Amino acid sequence: MTVPDLRALALGAGAWVGALVVLLLPGRAALGLVLLVAAAGTALVVRRHVAPGWLGPLAALVAVAGVAALQQTLVATSPLAALAEDGAVVDLRLEVTSDVRTVAGQYGDLQVAQADVSRLEGRGSAWSLDAPVVLMADADWPRVPLGTTVETTARLVPGDDEVAALVRPTGEPRVVAEPGVWWDAAAAVRRSVRAVVAGRDADARELVPALVVGDDGGLDPALSDDFRTTGLTHLLAVSGTNLTLVVGAVLVLGRWAGVRGRWLRVLAAAGIVGFVVTARAEPSVVRAAAMGTVALLGMGSNGRSRGTRGLGVAVLALLLVWPRLAVTAGFALSVLATAGILLLAPVWRDALMRWTPRWVAEAVSIPLAAQVACTPVVAALSGQVSLVAVAANLLTAPAVAPATVLGLGGGLLGLAWTPIGVVVAAPAAWSAQWIIAVARWGADVPGAAVAWGTGPLALVLLTLGCLASVPLAPRVLRHPGSALACTGLLVVVMLVRPPSPGWPPEGWVLVACDVGQGDGLVLRAGPHAAVIVDAGPDPAAMDACLDRLEIAEVPLLVLTHFHADHVDGVAGVLAGREVGEVEATGLLEPADGVRDVGAALGRDPGPASYGSTRTVGDVTLQVVWPRPGVRADPGESAPNDASVVLVAEVDGVRILLTGDVEPSAQAALARDLPGLRVDVLKVPHHGSRHQDLDWLTSLGARVALVSVGADNDYGHPAPDLLAALDAAGLRTWRTDTSGDVVVVAREGGLGVVTRD
């Protein structure tokens, strides 16, 4: 077996380190570290301690660091950034460079897209420039297709380090240039792929476009969660696998048609370009195409050596163009998976081939190598380690190729005549249904995923375990006895849910689950039972939190109001659990949230009865808001102000759960409940700056919980609020910095345990 060229891999590693240094460290520290590394490396070469060939990785580090620093400087010094700091209203000419996505904003849906500004007029000056921005338009703003150039009036808002500003249009768009012919052709192919599977099962007709071009906008969130649990998420996004399958099919057809030699390379290049244009020429798509090209190189003769050289060059080229890819999860997962397949899979395959056929050895070693290489990053993102990922990928592998290739083929033929496209795409839909069945089966396995911490120590231990598997795996795999014994042990662990040592903490009464920017609160009602108040925006995050708490029964689910950040995770509560009564606020707004909750539950929730007190297991609950007939003050959010507010008591601990009530409702509660005293306060509206601080600080609470997402766009929690709570003697705990926050009843007081 050929030994891979480590210098080629070091080239990519050097480029990656250079980007990370500049993007993660302050400017002067980054500059000093780059200069120090460059000087040290040069000295080692001059003194002949290392070969001159290792100057390549050093040059890559310096070059990418320089490009990253230059891009940061250009964005930071752009006139857009300066005007955004002042909230200026300007006239812009911009080109939309991504598909428009609809996302839930604080006051309604928003249309969000990437764009490049080419002309800017404001404050009596005009500039010609090329600066990246994020376009954030209201739902009623005309939808602008990818590739369109428009002029509009907009208010500028400061963005992050990646873009010069956020653009909030205040006027109608004036189209200056329509999308080019390539974008129109790509859009036609995407529409055709959807059209030829439109008559199929609801999930299959959404999965086929996701497999073909990464178009997963209509996929059921619960199904997406199942894909995440089973390690199949890569199928829902544009990945190197997509390109490998598509271009591989193009090359097979070319050979059948008699294409040979250099023309095969031309055909492959045309296939790659066509794939990138159809899937959208965004950095993530180009990254996937680069990794797919590396995989194609690895399939040829002397593939391991050519593949590793291609991987190093691909990483360098991508980071020279888009240095910020270095800090994205998709880039890390793509590079690590490709490296695992190139470096580990051949060794593990050869070990398995001592007692299995080659096709079996390859089918096992490839997903196993990719999974091991990516596991630390996946755990850092999800807080889980999937135990069914390898099996799920093995079972779905035979269906991925026909679903992808025939789905695209059906879409292309459908451009000429839809019926023939429908016939060709039919096996793609059948294959998609098999993939869906595997995802659902895998997610239903009791121990499909093991909860894992996302703190530094937990991730270091997991990384060390994965590194240890590199030399150990061949020794285990080459002997049928040890390989089958490990497989049997894994099956037992999957079928019998393993306990999480030390979790949940003894005596816990309340958990604020880390569900991102939203609320997901759990009150202990008994062994493996809980009352849940809100379900957060992400079913997977809510389900994982309840799994960690070993909750199997939910006698009562309360939805304080119908905003997405409180109800979109309902499917996660329902996953594998018995759910009894479901109650919610009487204000059925927004309508989309009400509809989605009804669809997830299969029924409409009942109204929470004002003034009622009940006992559910170990939990005593009283509904203290909203009062019948009370309406929100003008300018405040009616759904927020209609949040169900509860006073709960568990094991002698009094808790105030406030939903997202605004200051007017808080003032009314202060009048309705004079002298109210509680031990724990769930801070309203994720720590928004709009609060009745006099009331919140008068409650006598010792612990304040803020359920909030990291790096959210709303500035939650407000620094002034945190300062006021601290001054009043409350200890404040936040899910964005501490993960799951658990309130524990202890002799003589309260304790707080976190799971970061």
# chains A, B, ... in the order shown; residues from 1 in each chain; ligands from 1
>>> residues_around(residues="Asp203 (chain A)", least_positions_apart="2", cutoff="12 Å", atoms="only C-alpha atoms", output="number ranges by chain")
A: 197-201, 205-210, 216-224, 429-437, 439-440
>>> residues_around(residues="Gly675 (chain A)", least_positions_apart="3", cutoff="10 Å", atoms="only C-alpha atoms", output="MDAnalysis selection string")
chainID A and resid 670:672 678 698:700
>>> write_last_selection(atoms="C-alpha atoms", output="CSV table (one decimal), in the first residue's frame")
chain,number,residue,atom,x,y,z
A,670,ALA,CA,-47.3,43.2,40.1
A,671,ARG,CA,-50.8,44.6,40.8
A,672,ASP,CA,-52.5,41.3,40.8
A,678,VAL,CA,-40.5,33.0,44.8
A,698,SER,CA,-39.0,42.6,44.3
A,699,LEU,CA,-39.8,38.9,44.0
A,700,GLY,CA,-37.1,37.8,46.5
>>> select_by_dssp(residues="region 619-704 of chain A", states="strand (DSSP E or B)", output="list in words")
Val619, Thr620, Leu621, Gln622, Val623, Val624, Trp625, Val645, Leu646, Val647, Ala648, Glu649, Val650, Val653, Arg654, Ile655, Leu656, Leu657, Val680, Leu681, Lys682, Val703 and Ala704 of chain A
>>> closest_atom_pairs(of="region 193-267 of chain A", to="region 287-295 of chain A", cutoff="8 Å", atoms="only C-alpha atoms", output="CSV")
residue,atom,partner,partner_atom,distance
A:Val238,CA,A:Ala288,CA,6.4
A:Ser239,CA,A:Ala288,CA,4.6
A:Gly240,CA,A:Gly292,CA,3.7
A:Thr241,CA,A:Gly292,CA,6.1
A:Asn242,CA,A:Gly292,CA,7.5
A:Leu243,CA,A:Gly292,CA,5.4
A:Thr244,CA,A:Gly292,CA,5.1
>>> atom_distance(atom1="CA of Leu461 (chain A)", atom2="CA of Arg548 (chain A)")
19.5 Å
>>> atom_distance(atom1="CA of Ser664 (chain A)", atom2="CA of Gln691 (chain A)")
8.8 Å
>>> residues_around(residues="Trp355 (chain A)", least_positions_apart="3", cutoff="8 Å", atoms="only C-alpha atoms", output="number ranges by chain")
A: 352, 478-480
>>> closest_atom_pairs(of="region 341-446 of chain A", to="region 576-581 of chain A", cutoff="12 Å", atoms="only C-alpha atoms", output="Markdown table")
| residue | atom | partner | partner_atom | distance |
| --- | --- | --- | --- | --- |
| A:Arg440 | CA | A:Gly576 | CA | 11.6 |
| A:Ala443 | CA | A:Gly576 | CA | 9.8 |
| A:Asp444 | CA | A:Gly576 | CA | 7.5 |
| A:Val445 | CA | A:Gly576 | CA | 10.0 |
| A:Pro446 | CA | A:Gly576 | CA | 9.2 |
>>> decode(residues="region 518-532 of chain A", atoms="all heavy atoms", output="PDB file, in the first residue's frame")
ATOM      1  N   GLY A 518     -34.676  30.209  22.713  1.00  0.00           N
ATOM      2  CA  GLY A 518     -36.045  29.818  22.998  1.00  0.00           C
ATOM      3  C   GLY A 518     -36.141  29.297  24.416  1.00  0.00           C
ATOM      4  O   GLY A 518     -35.169  29.333  25.177  1.00  0.00           O
ATOM      5  N   ASP A 519     -37.329  28.830  24.786  1.00  0.00           N
ATOM      6  CA  ASP A 519     -37.576  28.287  26.117  1.00  0.00           C
ATOM      7  C   ASP A 519     -37.913  26.809  26.030  1.00  0.00           C
ATOM      8  O   ASP A 519     -38.738  26.396  25.198  1.00  0.00           O
ATOM      9  CB  ASP A 519     -38.772  28.990  26.780  1.00  0.00           C
ATOM     10  CG  ASP A 519     -38.385  30.288  27.468  1.00  0.00           C
ATOM     11  OD1 ASP A 519     -37.222  30.698  27.332  1.00  0.00           O
ATOM     12  OD2 ASP A 519     -39.253  30.903  28.120  1.00  0.00           O
ATOM     13  N   GLY A 520     -37.300  26.004  26.913  1.00  0.00           N
ATOM     14  CA  GLY A 520     -37.657  24.606  27.087  1.00  0.00           C
ATOM     15  C   GLY A 520     -37.405  24.248  28.541  1.00  0.00           C
ATOM     16  O   GLY A 520     -36.263  24.032  28.943  1.00  0.00           O
ATOM     17  N   LEU A 521     -38.466  24.253  29.359  1.00  0.00           N
ATOM     18  CA  LEU A 521     -38.337  24.126  30.814  1.00  0.00           C
ATOM     19  C   LEU A 521     -38.979  22.836  31.291  1.00  0.00           C
ATOM     20  O   LEU A 521     -40.069  22.475  30.832  1.00  0.00           O
ATOM     21  CB  LEU A 521     -38.986  25.324  31.495  1.00  0.00           C
ATOM     22  CG  LEU A 521     -38.438  26.674  31.006  1.00  0.00           C
ATOM     23  CD1 LEU A 521     -39.402  27.788  31.313  1.00  0.00           C
ATOM     24  CD2 LEU A 521     -37.084  26.952  31.627  1.00  0.00           C
ATOM     25  N   VAL A 522     -38.320  22.153  32.209  1.00  0.00           N
ATOM     26  CA  VAL A 522     -38.754  20.835  32.669  1.00  0.00           C
ATOM     27  C   VAL A 522     -38.880  20.863  34.195  1.00  0.00           C
ATOM     28  O   VAL A 522     -37.914  21.182  34.889  1.00  0.00           O
ATOM     29  CB  VAL A 522     -37.750  19.740  32.251  1.00  0.00           C
ATOM     30  CG1 VAL A 522     -38.277  18.360  32.617  1.00  0.00           C
ATOM     31  CG2 VAL A 522     -37.463  19.816  30.750  1.00  0.00           C
ATOM     32  N   LEU A 523     -40.073  20.516  34.696  1.00  0.00           N
ATOM     33  CA  LEU A 523     -40.339  20.430  36.130  1.00  0.00           C
ATOM     34  C   LEU A 523     -40.497  18.966  36.509  1.00  0.00           C
ATOM     35  O   LEU A 523     -41.307  18.257  35.900  1.00  0.00           O
ATOM     36  CB  LEU A 523     -41.612  21.191  36.487  1.00  0.00           C
ATOM     37  CG  LEU A 523     -41.625  22.696  36.188  1.00  0.00           C
ATOM     38  CD1 LEU A 523     -43.044  23.206  36.148  1.00  0.00           C
ATOM     39  CD2 LEU A 523     -40.822  23.447  37.222  1.00  0.00           C
ATOM     40  N   ARG A 524     -39.735  18.494  37.498  1.00  0.00           N
ATOM     41  CA  ARG A 524     -39.800  17.085  37.877  1.00  0.00           C
ATOM     42  C   ARG A 524     -41.142  16.766  38.525  1.00  0.00           C
ATOM     43  O   ARG A 524     -41.517  17.345  39.547  1.00  0.00           O
ATOM     44  CB  ARG A 524     -38.666  16.727  38.833  1.00  0.00           C
ATOM     45  CG  ARG A 524     -38.669  15.255  39.261  1.00  0.00           C
ATOM     46  CD  ARG A 524     -37.500  14.913  40.154  1.00  0.00           C
ATOM     47  NE  ARG A 524     -37.430  15.756  41.330  1.00  0.00           N
ATOM     48  CZ  ARG A 524     -38.208  15.619  42.406  1.00  0.00           C
ATOM     49  NH1 ARG A 524     -39.141  14.666  42.445  1.00  0.00           N
ATOM     50  NH2 ARG A 524     -38.080  16.435  43.445  1.00  0.00           N
ATOM     51  N   ALA A 525     -41.867  15.811  37.917  1.00  0.00           N
ATOM     52  CA  ALA A 525     -43.176  15.409  38.443  1.00  0.00           C
ATOM     53  C   ALA A 525     -43.116  14.050  39.126  1.00  0.00           C
ATOM     54  O   ALA A 525     -44.102  13.623  39.722  1.00  0.00           O
ATOM     55  CB  ALA A 525     -44.204  15.370  37.311  1.00  0.00           C
ATOM     56  N   GLY A 526     -41.986  13.355  39.019  1.00  0.00           N
ATOM     57  CA  GLY A 526     -41.845  12.030  39.601  1.00  0.00           C
ATOM     58  C   GLY A 526     -40.764  11.272  38.859  1.00  0.00           C
ATOM     59  O   GLY A 526     -40.100  11.817  37.967  1.00  0.00           O
ATOM     60  N   PRO A 527     -40.561   9.989  39.203  1.00  0.00           N
ATOM     61  CA  PRO A 527     -39.560   9.188  38.489  1.00  0.00           C
ATOM     62  C   PRO A 527     -39.872   9.125  36.990  1.00  0.00           C
ATOM     63  O   PRO A 527     -40.952   8.702  36.596  1.00  0.00           O
ATOM     64  CB  PRO A 527     -39.669   7.810  39.152  1.00  0.00           C
ATOM     65  CG  PRO A 527     -40.291   8.075  40.486  1.00  0.00           C
ATOM     66  CD  PRO A 527     -41.222   9.232  40.288  1.00  0.00           C
ATOM     67  N   HIS A 528     -38.938   9.610  36.179  1.00  0.00           N
ATOM     68  CA  HIS A 528     -39.037   9.561  34.715  1.00  0.00           C
ATOM     69  C   HIS A 528     -40.261  10.310  34.192  1.00  0.00           C
ATOM     70  O   HIS A 528     -40.736  10.039  33.091  1.00  0.00           O
ATOM     71  CB  HIS A 528     -39.060   8.116  34.214  1.00  0.00           C
ATOM     72  CG  HIS A 528     -37.938   7.279  34.730  1.00  0.00           C
ATOM     73  ND1 HIS A 528     -36.623   7.541  34.424  1.00  0.00           N
ATOM     74  CD2 HIS A 528     -37.928   6.206  35.567  1.00  0.00           C
ATOM     75  CE1 HIS A 528     -35.846   6.654  35.032  1.00  0.00           C
ATOM     76  NE2 HIS A 528     -36.608   5.843  35.742  1.00  0.00           N
ATOM     77  N   ALA A 529     -40.800  11.261  34.979  1.00  0.00           N
ATOM     78  CA  ALA A 529     -41.979  12.030  34.571  1.00  0.00           C
ATOM     79  C   ALA A 529     -41.714  13.508  34.812  1.00  0.00           C
ATOM     80  O   ALA A 529     -41.008  13.880  35.755  1.00  0.00           O
ATOM     81  CB  ALA A 529     -43.222  11.587  35.335  1.00  0.00           C
ATOM     82  N   ALA A 530     -42.313  14.358  33.954  1.00  0.00           N
ATOM     83  CA  ALA A 530     -42.079  15.792  34.090  1.00  0.00           C
ATOM     84  C   ALA A 530     -43.232  16.578  33.488  1.00  0.00           C
ATOM     85  O   ALA A 530     -43.891  16.130  32.546  1.00  0.00           O
ATOM     86  CB  ALA A 530     -40.770  16.188  33.403  1.00  0.00           C
ATOM     87  N   VAL A 531     -43.453  17.750  34.059  1.00  0.00           N
ATOM     88  CA  VAL A 531     -44.297  18.769  33.430  1.00  0.00           C
ATOM     89  C   VAL A 531     -43.362  19.651  32.611  1.00  0.00           C
ATOM     90  O   VAL A 531     -42.324  20.111  33.120  1.00  0.00           O
ATOM     91  CB  VAL A 531     -45.035  19.610  34.489  1.00  0.00           C
ATOM     92  CG1 VAL A 531     -45.740  20.793  33.830  1.00  0.00           C
ATOM     93  CG2 VAL A 531     -46.033  18.749  35.244  1.00  0.00           C
ATOM     94  N   ILE A 532     -43.717  19.870  31.365  1.00  0.00           N
ATOM     95  CA  ILE A 532     -42.852  20.640  30.474  1.00  0.00           C
ATOM     96  C   ILE A 532     -43.554  21.943  30.117  1.00  0.00           C
ATOM     97  O   ILE A 532     -44.742  21.948  29.767  1.00  0.00           O
ATOM     98  CB  ILE A 532     -42.513  19.837  29.215  1.00  0.00           C
ATOM     99  CG1 ILE A 532     -41.679  18.613  29.606  1.00  0.00           C
ATOM    100  CG2 ILE A 532     -41.761  20.687  28.199  1.00  0.00           C
ATOM    101  CD1 ILE A 532     -41.373  17.682  28.469  1.00  0.00           C
TER     102      ILE A 532
END
